[in-house]
Structure formats: C-alpha cells, structure tokens
file run.csv (CSV, C-alpha atoms)
chain,number,residue,atom,x,y,z
A,4,MET,CA,0.0,0.0,0.0
A,5,ARG,CA,1.1,3.5,-0.7
A,6,TRP,CA,0.9,4.4,3.0
A,7,ARG,CA,3.7,2.0,3.7
A,8,ASP,CA,6.1,3.9,1.5
A,9,PRO,CA,8.4,5.5,4.1
A,10,VAL,CA,9.3,8.4,1.9
A,11,PHE,CA,5.7,9.2,1.3
A,12,VAL,CA,4.9,8.9,5.0
A,13,CYS,CA,7.8,11.1,5.8
A,14,LEU,CA,6.6,13.7,3.3
A,15,ILE,CA,3.1,13.5,4.7
A,16,SER,CA,4.5,13.9,8.2
A,17,ALA,CA,6.7,16.8,7.3
A,18,LEU,CA,4.0,18.6,5.4
A,19,SER,CA,1.0,17.9,7.4
A,20,VAL,CA,1.3,16.5,10.9
A,21,VAL,CA,2.1,19.7,12.8
A,22,PRO,CA,0.0,22.1,10.8
A,23,ALA,CA,-2.8,19.5,10.6
A,24,ALA,CA,-2.9,19.2,14.3
A,25,SER,CA,-2.9,22.9,14.7
A,26,GLU,CA,-5.7,23.3,12.0
A,27,GLU,CA,-7.7,20.7,13.7
A,28,ALA,CA,-7.5,22.5,17.0
A,29,GLY,CA,-7.9,25.8,15.2
A,30,VAL,CA,-5.3,27.2,17.6
A,31,SER,CA,-1.9,28.6,16.9
A,32,VAL,CA,0.9,29.3,19.4
A,33,ARG,CA,3.5,32.0,19.4
A,34,ASP,CA,6.5,32.7,21.5
A,35,ALA,CA,6.5,29.5,23.5
A,36,TRP,CA,9.4,29.5,26.0
A,37,ILE,CA,10.5,27.9,29.2
A,38,ARG,CA,12.4,29.8,31.8
A,39,GLU,CA,15.8,28.3,32.4
A,40,THR,CA,16.2,27.5,36.1
A,41,PRO,CA,19.1,27.4,38.4
A,42,PRO,CA,21.0,24.1,38.2
A,43,GLY,CA,19.4,21.3,40.2
A,44,MET,CA,15.9,22.8,40.3
A,45,THR,CA,13.1,20.5,39.3
A,46,MET,CA,10.3,23.0,38.7
A,47,MET,CA,10.1,25.0,35.5
A,48,ALA,CA,7.5,27.3,34.1
A,49,GLY,CA,6.4,27.5,30.4
A,50,TYR,CA,4.9,30.5,28.8
A,51,MET,CA,3.3,31.1,25.4
A,52,GLU,CA,0.7,33.1,23.5
A,53,LEU,CA,-2.3,31.0,22.2
A,54,ARG,CA,-4.6,32.2,19.6
A,55,ASN,CA,-8.0,30.7,18.8
A,56,ASN,CA,-8.5,31.1,15.1
A,57,THR,CA,-12.0,29.7,15.1
A,58,SER,CA,-15.4,31.2,15.8
A,59,ARG,CA,-16.0,28.6,18.6
A,60,PRO,CA,-14.5,28.5,22.0
A,61,GLN,CA,-11.5,26.1,22.3
A,62,VAL,CA,-10.7,24.4,25.6
A,63,LEU,CA,-7.2,23.4,26.6
A,64,VAL,CA,-7.7,20.4,28.8
A,65,ALA,CA,-4.2,19.0,29.3
A,66,ALA,CA,-0.5,19.4,28.5
A,67,SER,CA,2.2,16.7,28.5
A,68,SER,CA,5.7,16.3,27.4
A,69,SER,CA,8.1,13.4,27.2
A,70,GLY,CA,10.8,15.7,28.5
A,71,PHE,CA,9.2,16.0,31.9
A,72,GLU,CA,7.7,13.7,34.5
A,73,SER,CA,4.5,15.8,34.6
A,74,VAL,CA,3.1,19.0,33.2
A,75,MET,CA,0.2,20.9,34.8
A,76,MET,CA,-1.6,24.1,33.9
A,77,HIS,CA,-1.3,26.7,36.7
A,78,ARG,CA,-2.2,30.2,37.4
A,79,THR,CA,-0.4,32.5,39.8
A,80,VAL,CA,-3.0,34.3,41.9
A,81,VAL,CA,-2.2,37.1,44.3
A,82,ARG,CA,-4.7,37.8,47.1
A,83,ASN,CA,-4.0,40.5,49.6
A,84,GLY,CA,-0.4,40.6,48.3
A,85,LEU,CA,0.1,36.9,49.0
A,86,ALA,CA,0.9,34.9,45.9
A,87,GLY,CA,0.0,31.3,45.4
A,88,MET,CA,-0.7,28.9,42.6
A,89,GLU,CA,-4.0,27.6,41.5
A,90,HIS,CA,-4.2,24.4,39.5
A,91,LEU,CA,-6.4,24.8,36.3
A,92,SER,CA,-8.1,21.7,35.1
A,93,GLN,CA,-8.9,23.5,31.8
A,94,ILE,CA,-8.6,26.9,30.2
A,95,GLU,CA,-11.1,28.2,27.7
A,96,LEU,CA,-9.9,30.2,24.7
A,97,ALA,CA,-12.6,32.6,23.5
A,98,PRO,CA,-13.5,32.6,19.8
A,99,ASN,CA,-11.0,34.6,17.7
A,100,ALA,CA,-9.1,35.7,20.7
A,101,SER,CA,-5.7,35.3,22.2
A,102,LEU,CA,-4.8,33.9,25.6
A,103,ILE,CA,-1.5,34.6,27.2
A,104,PHE,CA,0.6,32.5,29.5
A,105,ALA,CA,3.1,34.9,31.0
A,106,PRO,CA,5.1,35.3,34.2
A,107,GLY,CA,2.9,36.1,37.1
A,108,GLY,CA,-0.2,34.7,35.4
A,109,ASN,CA,-1.1,31.5,33.6
A,110,HIS,CA,1.8,29.1,33.1
A,111,LEU,CA,2.6,25.5,32.4
A,112,MET,CA,4.2,24.0,35.4
A,113,LEU,CA,6.8,21.5,34.2
A,114,MET,CA,8.1,19.2,36.8
A,115,ASN,CA,11.2,17.0,37.0
A,116,PRO,CA,12.8,17.4,33.6
A,117,LYS,CA,14.3,14.1,32.4
A,118,LEU,CA,17.4,15.8,31.1
A,119,ALA,CA,18.9,19.1,32.5
A,120,LEU,CA,17.6,21.8,30.2
A,121,ARG,CA,19.7,24.9,29.6
A,122,ALA,CA,19.1,28.1,27.6
A,123,GLY,CA,19.3,27.3,23.9
A,124,ASP,CA,17.6,23.9,24.3
A,125,ALA,CA,14.2,23.1,22.9
A,126,VAL,CA,11.5,20.8,24.2
A,127,VAL,CA,8.1,19.7,22.7
A,128,VAL,CA,5.0,20.0,24.8
A,129,LYS,CA,1.8,18.6,23.6
A,130,LEU,CA,-1.3,20.7,24.2
A,131,GLU,CA,-4.6,18.7,24.3
A,132,PHE,CA,-7.8,20.3,23.5
A,133,ARG,CA,-11.4,19.2,24.3
A,134,GLY,CA,-12.6,16.9,21.6
A,135,GLY,CA,-9.2,15.3,21.0
A,136,PRO,CA,-7.0,17.6,18.9
A,137,VAL,CA,-3.4,17.6,20.1
A,138,LEU,CA,-1.1,20.4,19.2
A,139,PRO,CA,2.7,19.8,19.6
A,140,VAL,CA,4.5,23.0,20.4
A,141,THR,CA,8.2,23.5,20.5
A,142,PHE,CA,9.2,25.5,23.6
A,143,ALA,CA,12.6,27.3,23.6
A,144,VAL,CA,14.5,27.3,26.8
A,145,ARG,CA,15.8,30.7,27.6
A,146,LYS,CA,16.8,33.0,30.5
B,71,MET,CA,-21.6,93.0,44.8
B,72,ASN,CA,-18.8,94.2,42.4
B,73,LYS,CA,-16.4,94.3,45.3
B,74,ILE,CA,-17.3,90.7,46.3
B,75,SER,CA,-16.8,89.5,42.7
B,76,LEU,CA,-13.5,91.4,42.5
B,77,LYS,CA,-12.3,89.8,45.7
B,78,PHE,CA,-13.5,86.4,44.4
B,79,SER,CA,-11.6,86.8,41.1
B,80,ILE,CA,-8.4,87.8,43.0
B,81,MET,CA,-8.8,84.8,45.2
B,82,ILE,CA,-9.3,82.5,42.1
B,83,THR,CA,-6.3,84.0,40.4
B,84,THR,CA,-4.2,83.5,43.5
B,85,VAL,CA,-5.2,79.9,43.8
B,86,ALA,CA,-4.6,79.3,40.1
B,87,LEU,CA,-1.1,80.9,40.4
B,88,ALA,CA,-0.3,78.8,43.4
B,89,ALA,CA,-1.4,75.7,41.6
B,90,MET,CA,0.8,76.7,38.6
B,91,LEU,CA,3.8,77.3,40.8
B,92,ALA,CA,3.2,74.0,42.6
B,93,GLY,CA,3.1,72.4,39.2
B,94,VAL,CA,6.4,73.9,38.2
B,95,TRP,CA,8.0,72.9,41.5
B,96,LEU,CA,6.7,69.3,41.1
B,97,ALA,CA,8.0,69.2,37.5
B,98,GLU,CA,11.4,70.5,38.7
B,99,ILE,CA,11.6,67.9,41.5
B,100,TYR,CA,10.5,65.3,39.0
B,101,ARG,CA,13.2,66.3,36.6
B,102,GLN,CA,15.9,66.4,39.3
B,103,HIS,CA,15.1,62.9,40.5
B,104,ASP,CA,14.1,61.5,37.2
B,105,SER,CA,11.0,60.1,38.8
B,106,GLY,CA,7.8,61.2,40.5
B,107,ALA,CA,8.2,58.7,43.3
B,108,MET,CA,8.6,61.1,46.1
B,109,LEU,CA,5.6,63.2,45.6
B,110,LEU,CA,3.0,61.4,43.6
B,111,PRO,CA,1.1,58.3,44.6
B,112,ASP,CA,3.4,55.6,43.2
B,113,ARG,CA,2.5,52.2,42.0
B,114,VAL,CA,6.1,51.0,42.2
B,115,MET,CA,7.2,52.0,45.6
B,116,THR,CA,5.8,53.1,48.9
B,117,LEU,CA,8.2,55.1,50.9
B,118,PHE,CA,7.6,55.1,54.7
B,119,PRO,CA,7.6,58.7,56.0
B,120,ASP,CA,8.9,57.5,59.4
B,121,PRO,CA,11.0,54.4,58.8
B,122,LYS,CA,10.6,51.9,61.6
B,123,PRO,CA,13.8,50.4,63.1
B,124,LEU,CA,13.8,46.6,63.0
B,125,THR,CA,14.4,44.6,66.1
B,126,ALA,CA,16.5,41.5,66.7
B,127,PHE,CA,16.0,38.4,64.6
B,128,ALA,CA,18.2,35.4,63.9
B,129,LEU,CA,18.4,33.6,60.6
B,130,THR,CA,21.1,31.6,58.8
B,131,ASP,CA,22.6,32.5,55.4
B,132,ASP,CA,23.5,30.2,52.5
B,133,LYS,CA,27.0,29.7,53.9
B,134,ASN,CA,25.6,28.6,57.3
B,135,ARG,CA,26.6,31.9,58.9
B,136,VAL,CA,24.4,33.9,61.2
B,137,PHE,CA,22.2,36.5,59.5
B,138,ASP,CA,20.7,38.9,62.0
B,139,LEU,CA,20.0,42.5,62.6
B,140,ALA,CA,23.7,43.4,62.4
B,141,SER,CA,23.8,41.9,58.9
B,142,LEU,CA,21.4,44.6,57.8
B,143,LYS,CA,23.4,47.5,59.2
B,144,GLY,CA,25.7,49.7,57.1
B,145,LYS,CA,24.1,48.8,53.8
B,146,TRP,CA,20.9,49.0,51.8
B,147,SER,CA,19.1,45.7,51.7
B,148,PHE,CA,16.5,44.5,49.2
B,149,LEU,CA,14.6,41.6,50.8
B,150,PHE,CA,12.3,39.2,49.0
B,151,PHE,CA,10.5,36.2,50.6
B,152,GLY,CA,10.0,33.1,48.5
B,153,PHE,CA,11.1,29.5,48.0
B,154,THR,CA,13.2,27.6,45.5
B,155,HIS,CA,10.4,25.3,44.3
B,156,CYS,CA,8.5,28.3,43.1
B,157,PRO,CA,8.5,28.1,39.3
B,158,ASP,CA,6.9,31.5,38.4
B,159,VAL,CA,7.0,34.4,40.8
B,160,CYS,CA,10.4,33.8,42.5
B,161,PRO,CA,12.6,33.4,39.4
B,162,THR,CA,10.7,36.2,37.7
B,163,THR,CA,11.3,38.5,40.7
B,164,LEU,CA,14.9,37.5,41.2
B,165,ALA,CA,15.7,38.0,37.5
B,166,VAL,CA,14.2,41.5,37.8
B,167,LEU,CA,16.3,42.2,40.9
B,168,ALA,CA,19.4,41.0,39.2
B,169,ARG,CA,18.8,43.5,36.4
B,170,ALA,CA,18.0,46.2,38.9
B,171,ARG,CA,21.3,45.5,40.7
B,172,ASP,CA,23.2,45.8,37.3
B,173,ASN,CA,21.5,49.2,36.8
B,174,ILE,CA,22.5,50.4,40.3
B,175,ALA,CA,26.0,49.1,39.8
B,176,ARG,CA,26.4,51.2,36.7
B,177,ASN,CA,25.6,54.5,38.3
B,178,LYS,CA,28.2,56.5,40.0
B,179,VAL,CA,27.4,55.6,43.6
B,180,GLY,CA,27.4,51.9,42.6
B,181,ALA,CA,26.2,48.8,44.3
B,182,GLU,CA,29.0,48.5,46.9
B,183,ASN,CA,26.8,49.0,50.0
B,184,ILE,CA,23.8,47.1,48.7
B,185,GLN,CA,22.7,43.5,49.3
B,186,PHE,CA,19.9,41.5,47.8
B,187,VAL,CA,18.5,38.9,50.2
B,188,PHE,CA,16.3,36.0,49.2
B,189,ILE,CA,14.5,34.7,52.4
B,190,SER,CA,13.2,31.2,51.9
B,191,VAL,CA,10.0,30.5,53.8
B,192,ASP,CA,10.4,26.8,53.1
B,193,PRO,CA,13.4,25.7,55.2
B,194,ASN,CA,12.0,22.2,55.0
B,195,ARG,CA,13.3,21.9,51.4
B,196,ASP,CA,15.7,24.8,51.1
B,197,THR,CA,19.0,23.9,52.8
B,198,ALA,CA,21.9,26.3,52.8
B,199,SER,CA,23.6,24.6,49.9
B,200,LYS,CA,20.4,24.6,47.8
B,201,LEU,CA,19.9,28.3,48.5
B,202,ARG,CA,23.4,29.1,47.6
B,203,GLN,CA,23.1,27.3,44.2
B,204,TYR,CA,19.7,29.0,43.6
B,205,VAL,CA,20.5,32.6,44.4
B,206,GLU,CA,23.9,32.7,42.7
B,207,TYR,CA,22.4,31.7,39.4
B,208,PHE,CA,20.6,35.0,39.4
B,209,ASP,CA,23.6,37.0,40.7
B,210,GLU,CA,26.8,36.0,42.4
B,211,SER,CA,26.3,38.7,45.1
B,212,PHE,CA,22.8,37.6,46.1
B,213,VAL,CA,22.4,36.1,49.6
B,214,GLY,CA,20.0,33.3,50.4
B,215,VAL,CA,18.7,33.2,54.0
B,216,THR,CA,16.4,31.0,56.0
B,217,GLY,CA,15.7,29.8,59.5
B,218,ASP,CA,13.1,28.3,61.7
B,219,ASP,CA,9.5,29.4,61.2
B,220,ALA,CA,9.4,31.6,64.3
B,221,GLN,CA,12.4,33.6,63.2
B,222,ILE,CA,11.3,33.9,59.6
B,223,GLY,CA,7.9,35.0,61.0
B,224,ASN,CA,9.6,37.5,63.3
B,225,LEU,CA,11.3,39.3,60.4
B,226,ALA,CA,8.4,38.9,58.0
B,227,GLY,CA,6.0,40.3,60.6
B,228,GLN,CA,8.3,43.4,61.2
B,229,LEU,CA,8.3,44.1,57.5
B,230,GLY,CA,4.7,43.4,56.9
B,231,ALA,CA,5.3,40.3,54.8
B,232,THR,CA,3.2,37.2,55.2
B,233,TYR,CA,3.6,33.6,54.1
B,234,GLN,CA,2.0,30.2,54.5
B,235,VAL,CA,3.6,26.8,54.0
B,236,ALA,CA,1.0,24.1,53.5
B,237,ILE,CA,3.1,21.0,54.2
B,238,THR,CA,1.0,18.1,53.2
B,239,PRO,CA,2.1,14.5,54.0
B,240,GLY,CA,2.7,12.6,50.9
B,241,LEU,CA,2.6,15.6,48.6
B,242,GLU,CA,6.0,16.5,47.3
B,243,ASN,CA,5.0,19.8,45.8
B,244,TYR,CA,3.0,21.3,48.7
B,245,PRO,CA,1.7,24.8,48.2
B,246,VAL,CA,3.6,27.8,49.6
B,247,TYR,CA,2.1,31.2,49.6
B,248,HIS,CA,4.2,34.3,50.1
B,249,THR,CA,4.2,38.1,49.8
B,250,THR,CA,5.3,39.3,46.4
B,251,ALA,CA,6.5,42.7,47.5
B,252,VAL,CA,10.2,43.5,47.8
B,253,PHE,CA,11.2,45.3,51.0
B,254,LEU,CA,13.9,47.9,51.2
B,255,VAL,CA,15.8,48.2,54.5
B,256,ASP,CA,18.1,51.2,55.0
B,257,PRO,CA,21.7,51.1,56.4
B,258,ARG,CA,20.3,51.9,59.9
B,259,ALA,CA,18.2,48.7,59.6
B,260,ARG,CA,15.0,50.5,59.3
B,261,SER,CA,12.1,49.4,57.2
B,262,HIS,CA,12.4,52.2,54.6
B,263,ALA,CA,10.2,51.4,51.6
B,264,VAL,CA,8.4,48.6,49.8
B,265,PHE,CA,8.3,47.8,46.1
B,266,THR,CA,5.0,46.4,44.9
B,267,PRO,CA,4.6,44.1,42.0
B,268,PRO,CA,4.6,43.8,39.0
B,269,HIS,CA,8.3,44.4,39.5
B,270,ASP,CA,10.3,46.2,36.9
B,271,ALA,CA,14.1,46.5,37.0
B,272,GLU,CA,14.2,50.0,35.6
B,273,ALA,CA,11.5,51.3,37.9
B,274,ILE,CA,13.2,49.8,41.0
B,275,SER,CA,16.7,51.1,40.2
B,276,LYS,CA,15.3,54.6,39.4
B,277,ARG,CA,13.3,54.8,42.6
B,278,PHE,CA,16.3,53.5,44.6
B,279,LYS,CA,18.5,56.2,43.2
B,280,VAL,CA,16.1,58.8,44.4
B,281,VAL,CA,15.8,57.2,47.9
B,282,ARG,CA,19.5,57.0,48.3
B,283,GLU,CA,20.0,60.6,47.2
B,284,LEU,CA,17.3,61.8,49.6
B,285,GLU,CA,18.8,59.8,52.5
B,286,ALA,CA,22.3,61.1,51.7
B,287,GLY,CA,20.9,64.6,51.7
B,288,ASN,CA,19.2,64.0,55.1
B,289,ALA,CA,22.4,62.7,56.6
B,290,THR,CA,24.4,65.8,55.8
call {"tool": "encode", "arguments": {"input": "run.csv", "output": "structure tokens"}}
result
Amino acid sequence: MRWRDPVFVCLISALSVVPAASEEAGVSVRDAWIRETPPGMTMMAGYMELRNNTSRPQVLVAASSSGFESVMMHRTVVRNGLAGMEHLSQIELAPNASLIFAPGGNHLMLMNPKLALRAGDAVVVKLEFRGGPVLPVTFAVRK
Amino acid sequence: MNKISLKFSIMITTVALAAMLAGVWLAEIYRQHDSGAMLLPDRVMTLFPDPKPLTAFALTDDKNRVFDLASLKGKWSFLFFGFTHCPDVCPTTLAVLARARDNIARNKVGAENIQFVFISVDPNRDTASKLRQYVEYFDESFVGVTGDDAQIGNLAGQLGATYQVAITPGLENYPVYHTTAVFLVDPRARSHAVFTPPHDAEAISKRFKVVRELEAGNAT
C-alpha cells in the first residue's frame, strides 16, 4: 500500500502533521518558551501566546511532554499581596481571541525534567484540546 | 456686589497661580530625581515617612553563617520572601532584581553597599547549599537566607510580609504562599520602603537612586 512507502509517509508527516494538528484545534501558538532554572531545580515554568482562530471556544484540557515527569496548567494568583498557585483543570480560549501564558499569570508547570535543560535547548510540549485535537508545540528554553 | 466678585476673582487668580507654581515645582523635582516617586502616589514604591527600626531576629545564610539585625546595618538591603520550588513568581522577581542591581552598579554611587537577600520561607526543602546554588544563578552577590518558622515569621512580621507553607504529608510539591513585595531596609536597619509588583528593574533602580540621594541629603 502506498501508506507503507516510508518516503511518502515522511513527506506527509513533514508537510502535514504539525499544521494539521494545529488546524484541527484551530489554535496557533507563538513565543513558546520555558524559563531556564538554576541548576538542580526541578520545577520549570512554560509561557506562550495561544490564539484561537476559530469562531467557537476552544478548551485546553491538558498538557504533556516526554521531556518532563509531569506537566500541569497553573495560574499564579495574588490575594492581599500573597501569591500562590492555582491548578487549572482546563482553560477556555474565547473565539478569535488570544490567551497569554506569562510570568505572574497563567503558566505551564513543568516538573522533574528528564534531562537538564539549559538556555538554547528546545522541548516539545503537547497541548490537548477538548474533543481530542493535540497540538505539539516547541518551547525554547531561555533565560 | 462688584467688590465681592473682584475679591473672588483675585482669590481665584491666587489659587490658580499657586497651583501653577506647585506644578512647576513638582516638575522640577521630577526632573531632578528622574522620577515622580517622592511626591505622587506611586504604584512601584511606597516610601515610609517615618522608617521603623527593625528589632533583633536570627536567621542563617547560605554559607551557614548567622544572618541577623547586624547583617542589615551599614548597607541598603532588598529583601524578598519566596522558596526555590517556586516556578513562576520567584525566578521572575529574582531575575528583575538582578537586572536592577546591574543598573544600580552602573551609576556612579554603585552597588558597593547594597545587598539582595532572598529569604526562603520553606526551610524544610531549602537547605543552605540549595539556597546558595539557587541565588547565585541570578547574581553572584545575592544572599540566600532561611531559619526556623518563628524567626522567619519574626522578620516577616516586622516588615509586613506574610507567608504560609501548607506542608501536606505525601505531597512532594506542597503549596507555599508568600508576599510578592520587595522590602527595602536602610543602612540603619529600618524598614524604609516597599516595592509592589509587578516588579520592573528600571523602575526599581530609578526609585532606589532617588531614595539613596534623599537619604544622603538628610544625613548631611
């Protein structure tokens, strides 16, 4: 069968897998980065700008990465000057709108990296949306 | 009737002139200090009009040396409460403080008599060696400090900081809540000012320049 042709499969993968996933979710991601941490630290934070290009709400329900033991969605909340973190089980992206993960706000909490990550490295995090679409996003590690 | 209205208009003119002069004066002070921090309600820094002297406390630094009231004397100290397992607020704040220190070091008075102190409210996980490794990543000169809960609480309470460590059996990443403000203690170990988030390196170093100049002016 044609599908078994490795060159063809590679071509299909190269041309379509990432964009197809993103099209399916209808969400694009910009400026995805992970803050480099001091050596030996096991908690990292990931930031990005998500854009919902569709006219329906899109709901981010999970994130995962083979580079980390676990990934969670968190939000830093400050009440009466006291900061803490809130776990988010999902985040809704309004139609045709952007949602920002930035220091002091929403972030991906990336725990126990399997390899030490330094500025200049890159790691893929898969974002899962309600209904099944999965969007692989390359995060750049930087200071 | 005419007399009253004449008096009234003179009064209005006087008020208007006074307001203009005040405006000019404010603008001049603003220009001199490169910042409106001293006179206008400021979102970056609150300067205490009557700085309160801190009283004795006993903590330990990241080289296992005593860090107490004497450690605050003779230099300006920027104090920030946090913990090393904090992925978002603490590294963000320490990175800002490192840039603020660079800015301060570049101006002519320099950063000789300034220290930046990261006070861990999580001594359970933050040992001296971990703290050392953590703070020096941001800046070689930064000092990590921690101690027992009573002593952290003692200093935090004096500065107006709060924190809560919710140690939960079986939960590796237990939640820790902490004040996000940065506290400025003056060389006489008095609580001098507080910087409120969101923190910005430029804003902090500019305000500090003003504070230090004012304090130098007061001392002479």
call {"tool": "interface_residues", "arguments": {"input": "run.csv", "of": "chain A", "to": "chain B", "cutoff": "7 Å", "atoms": "all atoms listed in the file", "output": "MDAnalysis selection string"}}
result
chainID A and resid 41 46:48 84:87 106:107
call {"tool": "atom_distance", "arguments": {"input": "run.csv", "atom1": "atom CA of B:Val179", "atom2": "atom CA of B:Lys133"}}
result
27.9 Å
call {"tool": "atom_distance", "arguments": {"input": "run.csv", "atom1": "atom CA of A:Glu52", "atom2": "atom CA of A:Ala97"}}
result
13.3 Å
call {"tool": "residues_around", "arguments": {"input": "run.csv", "residues": "stretch 257-263 of chain B", "least_positions_apart": "4", "cutoff": "9 Å", "atoms": "all atoms listed in the file", "output": "list in words"}}
result
Met115, Thr116, Leu117, Phe118, Pro119, Asp120, Pro121, Lys122, Pro123, Leu124, Thr125, Leu139, Ala140, Ser141, Leu142, Lys143, Gly144, Lys145, Trp146, Ser147, Asn183, Ile184, Gln228, Leu229, Val252, Phe253 and Val281 of chain B
call {"tool": "write_last_selection", "arguments": {"input": "run.csv", "atoms": "C-alpha atoms", "output": "compact mmCIF listing (two decimals), in the frame of the given file"}}
result
# COMPACT_ATOMS: atom_id res chain seq x y z
CA MET B 115 7.20 52.00 45.60
CA THR B 116 5.80 53.10 48.90
CA LEU B 117 8.20 55.10 50.90
CA PHE B 118 7.60 55.10 54.70
CA PRO B 119 7.60 58.70 56.00
CA ASP B 120 8.90 57.50 59.40
CA PRO B 121 11.00 54.40 58.80
CA LYS B 122 10.60 51.90 61.60
CA PRO B 123 13.80 50.40 63.10
CA LEU B 124 13.80 46.60 63.00
CA THR B 125 14.40 44.60 66.10
CA LEU B 139 20.00 42.50 62.60
CA ALA B 140 23.70 43.40 62.40
CA SER B 141 23.80 41.90 58.90
CA LEU B 142 21.40 44.60 57.80
CA LYS B 143 23.40 47.50 59.20
CA GLY B 144 25.70 49.70 57.10
CA LYS B 145 24.10 48.80 53.80
CA TRP B 146 20.90 49.00 51.80
CA SER B 147 19.10 45.70 51.70
CA ASN B 183 26.80 49.00 50.00
CA ILE B 184 23.80 47.10 48.70
CA GLN B 228 8.30 43.40 61.20
CA LEU B 229 8.30 44.10 57.50
CA VAL B 252 10.20 43.50 47.80
CA PHE B 253 11.20 45.30 51.00
CA VAL B 281 15.80 57.20 47.90
call {"tool": "residues_around", "arguments": {"input": "run.csv", "residues": "A:Pro116", "least_positions_apart": "5", "cutoff": "8 Å", "atoms": "all atoms listed in the file", "output": "list in words"}}
result
Thr45, Met46, Gly70, Phe71 and Glu72 of chain A
call {"tool": "closest_residue", "arguments": {"input": "run.csv", "among": "B:Arg195, B:Lys178, B:Lys279, B:His269", "to": "B:Glu242", "atoms": "all atoms listed in the file"}}
result
B:Arg195
call {"tool": "atom_distance", "arguments": {"input": "run.csv", "atom1": "atom CA of A:Pro139", "atom2": "atom CA of A:Val127"}}
result
6.2 Å
call {"tool": "closest_residue", "arguments": {"input": "run.csv", "among": "A:Arg145, A:Arg59, A:His90, A:Lys117", "to": "A:His77", "atoms": "only C-alpha atoms"}}
result
A:His90
call {"tool": "build_atoms", "arguments": {"input": "run.csv", "residues": "stretch 245-262 of chain B", "atoms": "N, CA and C atoms", "output": "compact mmCIF listing (two decimals), keeping the file's coordinate frame"}}
result
# COMPACT_ATOMS: atom_id res chain seq x y z
N PRO B 245 1.81 23.34 48.54
CA PRO B 245 1.70 24.80 48.20
C PRO B 245 2.36 25.68 49.23
N VAL B 246 2.96 26.73 48.71
CA VAL B 246 3.60 27.80 49.60
C VAL B 246 3.06 29.10 49.05
N TYR B 247 2.58 29.89 49.97
CA TYR B 247 2.10 31.20 49.60
C TYR B 247 3.03 32.24 50.23
N HIS B 248 3.29 33.32 49.51
CA HIS B 248 4.20 34.30 50.10
C HIS B 248 3.96 35.68 49.47
N THR B 249 4.33 36.69 50.24
CA THR B 249 4.20 38.10 49.80
C THR B 249 5.09 38.30 48.57
N THR B 250 4.57 39.03 47.60
CA THR B 250 5.30 39.30 46.40
C THR B 250 6.09 40.59 46.39
N ALA B 251 5.87 41.38 47.42
CA ALA B 251 6.50 42.70 47.50
C ALA B 251 8.03 42.48 47.80
N VAL B 252 8.82 43.50 47.45
CA VAL B 252 10.20 43.50 47.80
C VAL B 252 10.43 44.64 48.82
N PHE B 253 11.10 44.31 49.91
CA PHE B 253 11.20 45.30 51.00
C PHE B 253 12.62 45.91 50.99
N LEU B 254 12.63 47.21 51.21
CA LEU B 254 13.90 47.90 51.20
C LEU B 254 14.21 48.35 52.68
N VAL B 255 15.33 47.85 53.18
CA VAL B 255 15.80 48.20 54.50
C VAL B 255 16.99 49.10 54.40
N ASP B 256 17.01 50.19 55.16
CA ASP B 256 18.10 51.20 55.00
C ASP B 256 19.31 50.80 55.86
N PRO B 257 20.42 51.52 55.70
CA PRO B 257 21.70 51.10 56.40
C PRO B 257 21.54 51.24 57.94
N ARG B 258 20.46 51.88 58.43
CA ARG B 258 20.30 51.90 59.90
C ARG B 258 19.32 50.77 60.31
N ALA B 259 19.12 49.81 59.41
CA ALA B 259 18.20 48.70 59.60
C ALA B 259 16.82 49.09 59.97
N ARG B 260 16.34 50.06 59.19
CA ARG B 260 15.00 50.50 59.30
C ARG B 260 14.19 50.09 58.09
N SER B 261 12.94 49.70 58.29
CA SER B 261 12.10 49.40 57.20
C SER B 261 11.76 50.67 56.44
N HIS B 262 12.37 50.84 55.26
CA HIS B 262 12.40 52.20 54.60
C HIS B 262 11.34 52.33 53.52
